[in-house]
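*Asks:* mmCIF, C-alpha atoms, file my_file_34.cif:
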```cif
data_data
loop_
_atom_site.label_atom_id
_atom_site.label_comp_id
_atom_site.auth_asym_id
_atom_site.auth_seq_id
_atom_site.Cartn_x
_atom_site.Cartn_y
_atom_site.Cartn_z
CA MET Y 1 109.13 67.86 75.20
CA ALA Y 2 109.35 71.32 76.74
CA GLN Y 3 107.34 74.09 75.17
CA HIS Y 4 109.14 76.69 73.06
CA ILE Y 5 108.26 80.26 72.20
CA GLU Y 6 110.11 82.72 69.99
CA LEU Y 7 111.12 86.33 70.64
CA ASN Y 8 112.93 88.74 68.35
CA ALA Y 9 115.51 91.09 69.82
CA ASP Y 10 117.87 93.85 68.76
CA ALA Y 11 121.47 93.98 69.96
CA ARG Y 12 122.46 96.89 72.24
CA SER Y 13 125.94 98.33 71.89
CA GLN Y 14 125.77 100.36 75.11
CA VAL Y 15 125.35 98.96 78.63
CA GLY Y 16 124.71 100.44 82.05
CA LYS Y 17 121.84 102.29 83.70
CA GLY Y 18 122.00 105.25 81.34
CA ALA Y 19 121.86 103.01 78.28
CA ALA Y 20 118.94 101.06 79.78
CA ARG Y 21 117.00 104.28 80.39
CA ALA Y 22 117.69 105.36 76.83
CA THR Y 23 116.37 102.01 75.56
CA ARG Y 24 113.16 102.46 77.55
CA ARG Y 25 112.74 106.00 76.21
CA GLN Y 26 112.84 104.45 72.75
CA GLY Y 27 109.88 102.28 73.72
CA ARG Y 28 111.80 99.03 74.10
CA ILE Y 29 112.75 96.81 77.06
CA PRO Y 30 116.44 96.30 77.90
CA ALA Y 31 117.55 92.74 78.61
CA VAL Y 32 120.65 90.56 78.77
CA ILE Y 33 121.47 86.99 77.69
CA TYR Y 34 124.13 85.28 79.83
CA GLY Y 35 125.53 81.87 80.79
CA ASP Y 36 126.90 78.77 79.03
CA SER Y 37 130.48 80.10 79.48
CA LYS Y 38 129.86 82.79 76.84
CA ASP Y 39 130.02 86.55 77.02
CA PRO Y 40 126.80 88.32 78.02
CA VAL Y 41 124.84 89.89 75.17
CA SER Y 42 122.83 93.07 75.79
CA ILE Y 43 119.58 93.20 73.83
CA SER Y 44 116.28 95.06 73.65
CA LEU Y 45 112.82 93.60 73.22
CA ASP Y 46 109.53 94.75 71.76
CA PRO Y 47 107.24 95.32 74.81
CA LYS Y 48 104.13 94.18 72.92
CA GLU Y 49 105.79 90.90 71.97
CA LEU Y 50 107.08 90.29 75.51
CA ASN Y 51 103.76 91.23 77.16
CA ARG Y 52 101.92 88.84 74.85
CA GLU Y 53 104.05 85.94 76.09
CA LEU Y 54 103.89 87.10 79.71
CA SER Y 55 100.09 86.97 79.57
CA ARG Y 56 100.25 83.23 78.95
CA PRO Y 57 100.72 80.81 81.85
CA GLY Y 58 104.11 79.28 82.58
CA PHE Y 59 106.35 81.96 81.06
CA PHE Y 60 109.23 81.31 83.47
CA SER Y 61 109.16 77.55 82.80
CA THR Y 62 108.99 77.91 79.01
CA LEU Y 63 112.04 77.68 76.74
CA ILE Y 64 112.52 80.75 74.57
CA ASP Y 65 114.31 81.00 71.23
CA ILE Y 66 115.61 84.57 71.12
CA SER Y 67 116.72 85.70 67.68
CA VAL Y 68 119.34 88.49 67.62
CA ASP Y 69 120.51 89.59 64.17
CA GLY Y 70 119.68 86.15 62.79
CA ALA Y 71 121.48 84.21 65.55
CA LYS Y 72 119.29 82.21 67.92
CA SER Y 73 119.87 81.50 71.60
CA LEU Y 74 117.86 78.97 73.61
CA VAL Y 75 117.13 80.58 76.98
CA LEU Y 76 114.97 80.64 80.09
CA CYS Y 77 113.86 83.89 81.71
CA ARG Y 78 115.41 83.91 85.19
CA GLU Y 79 114.52 87.42 86.33
CA LEU Y 80 112.04 90.07 85.26
CA GLN Y 81 112.07 93.53 86.81
CA LEU Y 82 108.72 95.36 86.85
CA HIS Y 83 107.87 99.00 87.32
CA PRO Y 84 106.73 99.47 90.95
CA VAL Y 85 103.60 101.41 89.92
CA THR Y 86 102.58 100.21 86.45
CA ASP Y 87 103.89 96.61 86.69
CA ARG Y 88 105.28 96.99 83.18
CA PRO Y 89 108.48 95.06 82.41
CA ARG Y 90 111.65 97.19 82.82
CA HIS Y 91 114.45 94.64 82.40
CA ALA Y 92 114.82 90.91 81.80
CA ASP Y 93 117.63 88.40 82.38
CA PHE Y 94 117.78 85.30 80.18
CA LEU Y 95 119.95 82.24 80.90
CA ARG Y 96 121.38 80.25 77.99
CA VAL Y 97 120.54 76.54 78.18
CA THR Y 98 120.62 73.39 76.08
CA ASP Y 99 118.04 70.61 76.07
CA ARG Y 100 120.22 68.68 78.53
CA THR Y 101 120.99 71.50 80.97
CA ARG Y 102 119.91 70.54 84.49
CA ILE Y 103 118.00 73.38 86.04
CA ASN Y 104 115.66 74.31 88.89
CA VAL Y 105 112.39 75.72 87.62
CA ASP Y 106 108.98 76.65 89.04
CA VAL Y 107 106.18 74.74 87.30
CA PRO Y 108 102.52 75.83 87.53
CA VAL Y 109 100.01 73.54 89.25
CA ALA Y 110 96.68 72.79 87.54
CA PHE Y 111 93.65 70.89 88.83
CA GLU Y 112 91.18 68.64 87.02
CA ASN Y 113 87.97 66.69 87.72
CA GLU Y 114 86.51 69.23 90.16
CA GLU Y 115 83.05 67.90 89.28
CA GLU Y 116 84.12 64.43 90.47
CA CYS Y 117 85.41 65.67 93.83
CA PRO Y 118 82.96 64.66 96.62
CA GLY Y 119 84.40 67.31 98.94
CA LEU Y 120 83.75 70.14 96.50
CA ARG Y 121 80.30 68.80 95.63
CA ALA Y 122 79.48 68.84 99.36
CA GLY Y 123 80.34 72.54 99.56
CA GLY Y 124 84.02 72.28 100.41
CA VAL Y 125 86.58 74.78 99.14
CA LEU Y 126 89.77 74.05 97.20
CA ASN Y 127 92.55 75.68 99.21
CA ILE Y 128 95.66 75.93 97.01
CA VAL Y 129 98.76 75.97 99.18
CA ARG Y 130 101.25 76.07 96.26
CA HIS Y 131 100.34 77.56 92.88
CA THR Y 132 103.76 76.48 91.58
CA VAL Y 133 106.23 73.80 92.62
CA GLU Y 134 110.00 74.03 92.12
CA PHE Y 135 111.46 71.02 90.31
CA LYS Y 136 114.84 69.80 89.10
CA CYS Y 137 114.90 68.55 85.52
CA ARG Y 138 116.51 68.91 82.11
CA ALA Y 139 115.67 72.13 80.29
CA GLY Y 140 114.40 70.04 77.40
CA ALA Y 141 111.99 68.15 79.64
CA ILE Y 142 110.35 70.95 81.64
CA PRO Y 143 106.66 70.06 82.08
CA SER Y 144 104.27 72.84 81.08
CA GLU Y 145 102.24 72.14 84.25
CA ILE Y 146 101.66 69.56 86.96
CA ILE Y 147 98.14 68.12 86.86
CA ILE Y 148 96.40 67.17 90.11
CA ASP Y 149 93.34 64.92 89.91
CA LEU Y 150 90.71 65.97 92.46
CA SER Y 151 88.36 63.03 91.90
CA GLY Y 152 87.62 61.08 95.08
CA HIS Y 153 88.88 63.70 97.53
CA GLU Y 154 86.71 64.51 100.54
CA ILE Y 155 86.46 67.54 102.82
CA GLY Y 156 89.49 67.53 105.10
CA ASP Y 157 91.78 65.78 102.59
CA SER Y 158 95.28 67.09 101.95
CA ILE Y 159 97.00 66.50 98.62
CA HIS Y 160 100.75 65.92 98.99
CA ILE Y 161 103.55 65.90 96.42
CA SER Y 162 103.98 62.14 96.87
CA GLU Y 163 100.51 61.61 95.34
CA ILE Y 164 101.46 63.30 92.06
CA LYS Y 165 102.74 61.23 89.17
CA LEU Y 166 105.70 63.18 87.81
CA PRO Y 167 107.37 62.80 84.40
CA ASP Y 168 110.61 60.80 84.29
CA GLY Y 169 113.59 62.87 85.38
CA VAL Y 170 111.46 65.52 87.11
CA THR Y 171 111.98 65.66 90.88
CA PRO Y 172 110.94 68.23 93.50
CA VAL Y 173 113.71 70.47 94.83
CA ILE Y 174 112.28 69.97 98.34
CA ASP Y 175 112.98 66.28 98.84
CA ASP Y 176 113.17 65.97 102.62
CA ARG Y 177 109.43 66.14 103.35
CA ASP Y 178 106.10 65.27 101.77
CA PHE Y 179 104.80 68.82 101.44
CA THR Y 180 101.17 69.81 100.84
CA ILE Y 181 100.05 71.28 97.53
CA ALA Y 182 96.33 71.75 98.28
CA THR Y 183 93.57 70.83 100.70
CA ILE Y 184 89.80 70.41 100.50
CA ALA Y 185 88.66 72.72 103.28
CA ALA Y 186 85.29 72.95 104.98
CA PRO Y 187 83.20 75.97 103.96
CA THR Y 188 84.17 77.89 107.12
CA VAL Y 189 83.25 81.27 105.69
CA VAL Y 190 79.69 80.19 105.00
CA GLU Y 191 79.43 78.55 108.40
CA ALA Y 192 80.77 81.68 110.11
CA VAL Y 193 78.20 83.87 108.37
CA GLU Y 194 75.38 81.50 109.31
CA GLU Y 195 76.57 81.39 112.93
CA SER Y 196 76.80 85.19 113.04
CA GLU Y 197 73.30 85.57 111.63
CA ALA Y 198 71.97 83.03 114.14
CA ALA Y 199 73.67 84.88 116.99
CA GLU Y 200 72.20 88.20 115.85
CA ALA Y 201 68.73 86.65 115.64
CA ALA Y 202 69.09 85.24 119.17
CA ASP Y 203 70.18 88.67 120.47
CA GLU Y 204 67.19 90.32 118.83
CA GLU Y 205 64.85 87.76 120.38
CA ALA Y 206 66.41 88.32 123.82
CA GLU Y 207 66.10 92.10 123.48
CA GLY Y 208 62.45 91.70 122.42
CA ALA Y 209 61.72 89.49 125.41
CA GLY Y 210 63.33 92.04 127.73
CA GLU Y 211 61.26 94.89 126.32
CA ASP Y 212 58.06 92.84 126.75
CA GLY Y 213 58.94 92.18 130.36
CA ASP Y 214 59.59 95.88 131.09
CA SER Y 215 56.22 96.89 129.66
CA GLU Y 216 54.38 94.47 131.92
CA ASP Y 217 55.98 96.04 134.98
#
```
Can you dump the structure from the file as structure tokens?
*Replies:*
Amino acid sequence: MAQHIELNADARSQVGKGAARATRRQGRIPAVIYGDSKDPVSISLDPKELNRELSRPGFFSTLIDISVDGAKSLVLCRELQLHPVTDRPRHADFLRVTDRTRINVDVPVAFENEEECPGLRAGGVLNIVRHTVEFKCRAGAIPSEIIIDLSGHEIGDSIHISEIKLPDGVTPVIDDRDFTIATIAAPTVVEAVEESEAAEAADEEAEGAGEDGDSED
């Protein structure tokens, strides 16, 4: 069962850039609800309420019940415009869906059993290639996250999408190759620092030997 959150909204009678600016001056965020062969509905949102939900993981893969004047719409957020300097939300687009609507959605990737991963215990580094994966599924069956079990993985291992057990009806949008989600990489940064320090020590020793030789002459 897909997760649901609730947002309250006010209807907006005016549309366009001027009306959106006026909405923001009033301290609210302009938005629109569209899709499902119905007319678009212009709304405004409380920024505190929206920011609270945005701070939680998986906002764009979470179903939202938006209440406008007592009428509820089941939606997914498909676009969120942010201020280029402050990163505050400026406008949101919400798509109407039903539980059975087939949709493409980005789902967050989570990892478990790091303490049982031999590669990490040996000093390896988890290199996350994809923090989210795009899937096709019903809106009512969107997984909150995809869990990857790290137990048993060694340094040099790659974790591919084919290794992940997915819920029924959830399939990756990229279906023509077995793409990588993460790898267990060797601690190259640590090795590079150690090699650099060793090289510097060798240079210092060589310079010291040269100075000793000059003094004997």
*Asks:* Quick one, how far is CA of Ser162 in chain Y from CA of Lys136 in chain Y?
*Replies:*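 Those two atoms sit 15.4 Å apart.
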*Asks:* Measuring atom to atom with all atoms listed in the file, identify which of Y:Thr23, Y:Gln81, Y:Ser61, Y:Thr183 is nearest to Thr132 in chain Y.
*Replies:*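 Looking only at the distances to Thr132 in chain Y, the closest residue turns out to be Y:Ser61.
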*Asks:* Tell me which of Y:His91, Y:Arg121, Y:Arg56, Y:Lys17 sits closest to Pro108 in chain Y, counting all atoms listed in the file.
*Replies:*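 Among Y:His91, Y:Arg121, Y:Arg56, Y:Lys17, it is Y:Arg56 that comes nearest to Pro108 in chain Y.
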*Asks:* Using all atoms listed in the file, which protein or nucleic acid residues come within 9 Å of Phe111 in chain Y? Drop anything in the same chain fewer than 4 positions from it, and give the result as a list in words.
*Replies:*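 Everything that qualifies: Ile146, Ile147, Ile148, Asp149 and Leu150 of chain Y.
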*Asks:* Output the selection as a tab-separated table (two decimals), in the coordinates of the input - C-alpha atoms for each residue.
*Replies:*
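Output saved as selection_2.tsv:
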```tsv
chain	number	residue	atom	x	y	z
Y	146	ILE	CA	101.66	69.56	86.96
Y	147	ILE	CA	98.14	68.12	86.86
Y	148	ILE	CA	96.40	67.17	90.11
Y	149	ASP	CA	93.34	64.92	89.91
Y	150	LEU	CA	90.71	65.97	92.46
```
*Asks:* If the PyMOL selection byres ((chain Y and resi 32-42) around 9) is run on the structure shown, which residues does it catch, given as a list in words?
*Replies:*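 Taken on the displayed file, the PyMOL selection byres ((chain Y and resi 32-42) around 9) yields the residues Asp10, Ala11, Arg12, Ser13, Gln14, Val15, Pro30, Ala31, Ile43, Ser44, Ser73, Val75, His91, Ala92, Asp93, Phe94, Leu95, Arg96, Val97 and Thr98 of chain Y.
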*Asks:* Record the distance separating CA of Asp168 in chain Y and CA of Asp65 in chain Y, expressed in Å with one decimal.
*Replies:*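 Result for CA of Asp168 in chain Y versus CA of Asp65 in chain Y: 24.3 Å, one decimal.
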*Asks:* Extract, using all atoms listed in the file, all DNA, RNA and protein residues at most 12 Å from Pro57 in chain Y, discarding same-chain residues fewer than 4 positions from it, and format them as a PyMOL selection string.
*Replies:* chain Y and resi 3+51-53+61-62+106-110+131-132+144-145
*Asks:* What is the CA of Asp178 in chain Y-CA of Thr101 in chain Y distance in Å, reported with one decimal?
*Replies:*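 Interatomic distance, CA of Asp178 in chain Y to CA of Thr101 in chain Y: 26.3 Å.
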*Asks:* Compute the distance from (110.5, 94.3, 71.5) to each atom, counting all atoms listed in the file, keep the residues with any atom at most 8 Å away, and return them as a list in words; use the coordinates of the file.
*Replies:*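 Those residues, ordered by chain and then number, are Asn8, Ala9, Asp10, Arg28, Ile29, Ser44, Leu45, Asp46, Pro47, Lys48, Glu49 and Leu50 of chain Y.
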*Asks:* Apply the PyMOL selection byres ((chain Y and resi 122) around 12) to the displayed file and report the matching residues as a list in words.
*Replies:*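 With the shown file as input, the PyMOL selection byres ((chain Y and resi 122) around 12) matches Glu114, Glu115, Glu116, Cys117, Pro118, Gly119, Leu120, Arg121, Gly123, Gly124, Val125, Leu126, His153, Glu154, Ile155, Gly156, Ile184, Ala185, Ala186 and Pro187 of chain Y.
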*Asks:* Name the closest residue to Val170 in chain Y among the candidates Y:Ile128, Y:Cys137, Y:Leu54, Y:Ala20; distances are taken between atoms, counting only C-alpha atoms.
*Replies:*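 Residue with the minimum atom-to-atom distance to Val170 in chain Y: Y:Cys137.
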*Asks:* So, with all atoms listed in the file as the atoms that count, which of Y:Cys77, Y:Val85, Y:Ala182, Y:Ala22 lies closest to Ser158 in chain Y?
*Replies:*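 Using all atoms listed in the file, the shortest distance to Ser158 in chain Y belongs to Y:Ala182.
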*Asks:* Pick the closest to Leu74 in chain Y from Y:Gly27, Y:Gly140, Y:Pro167, Y:Pro89: which is it, counting only C-alpha atoms?
*Replies:*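 Result for the nearest residue to Leu74 in chain Y: Y:Gly140.
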*Asks:* Can you work out which one of Y:Glu163, Y:Asp99, Y:Asp87, Y:Asp157 has the shortest atom-to-atom distance to Asn127 in chain Y, counting all atoms listed in the file?
*Replies:*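 Of all the options, Y:Asp157 lies closest to Asn127 in chain Y.
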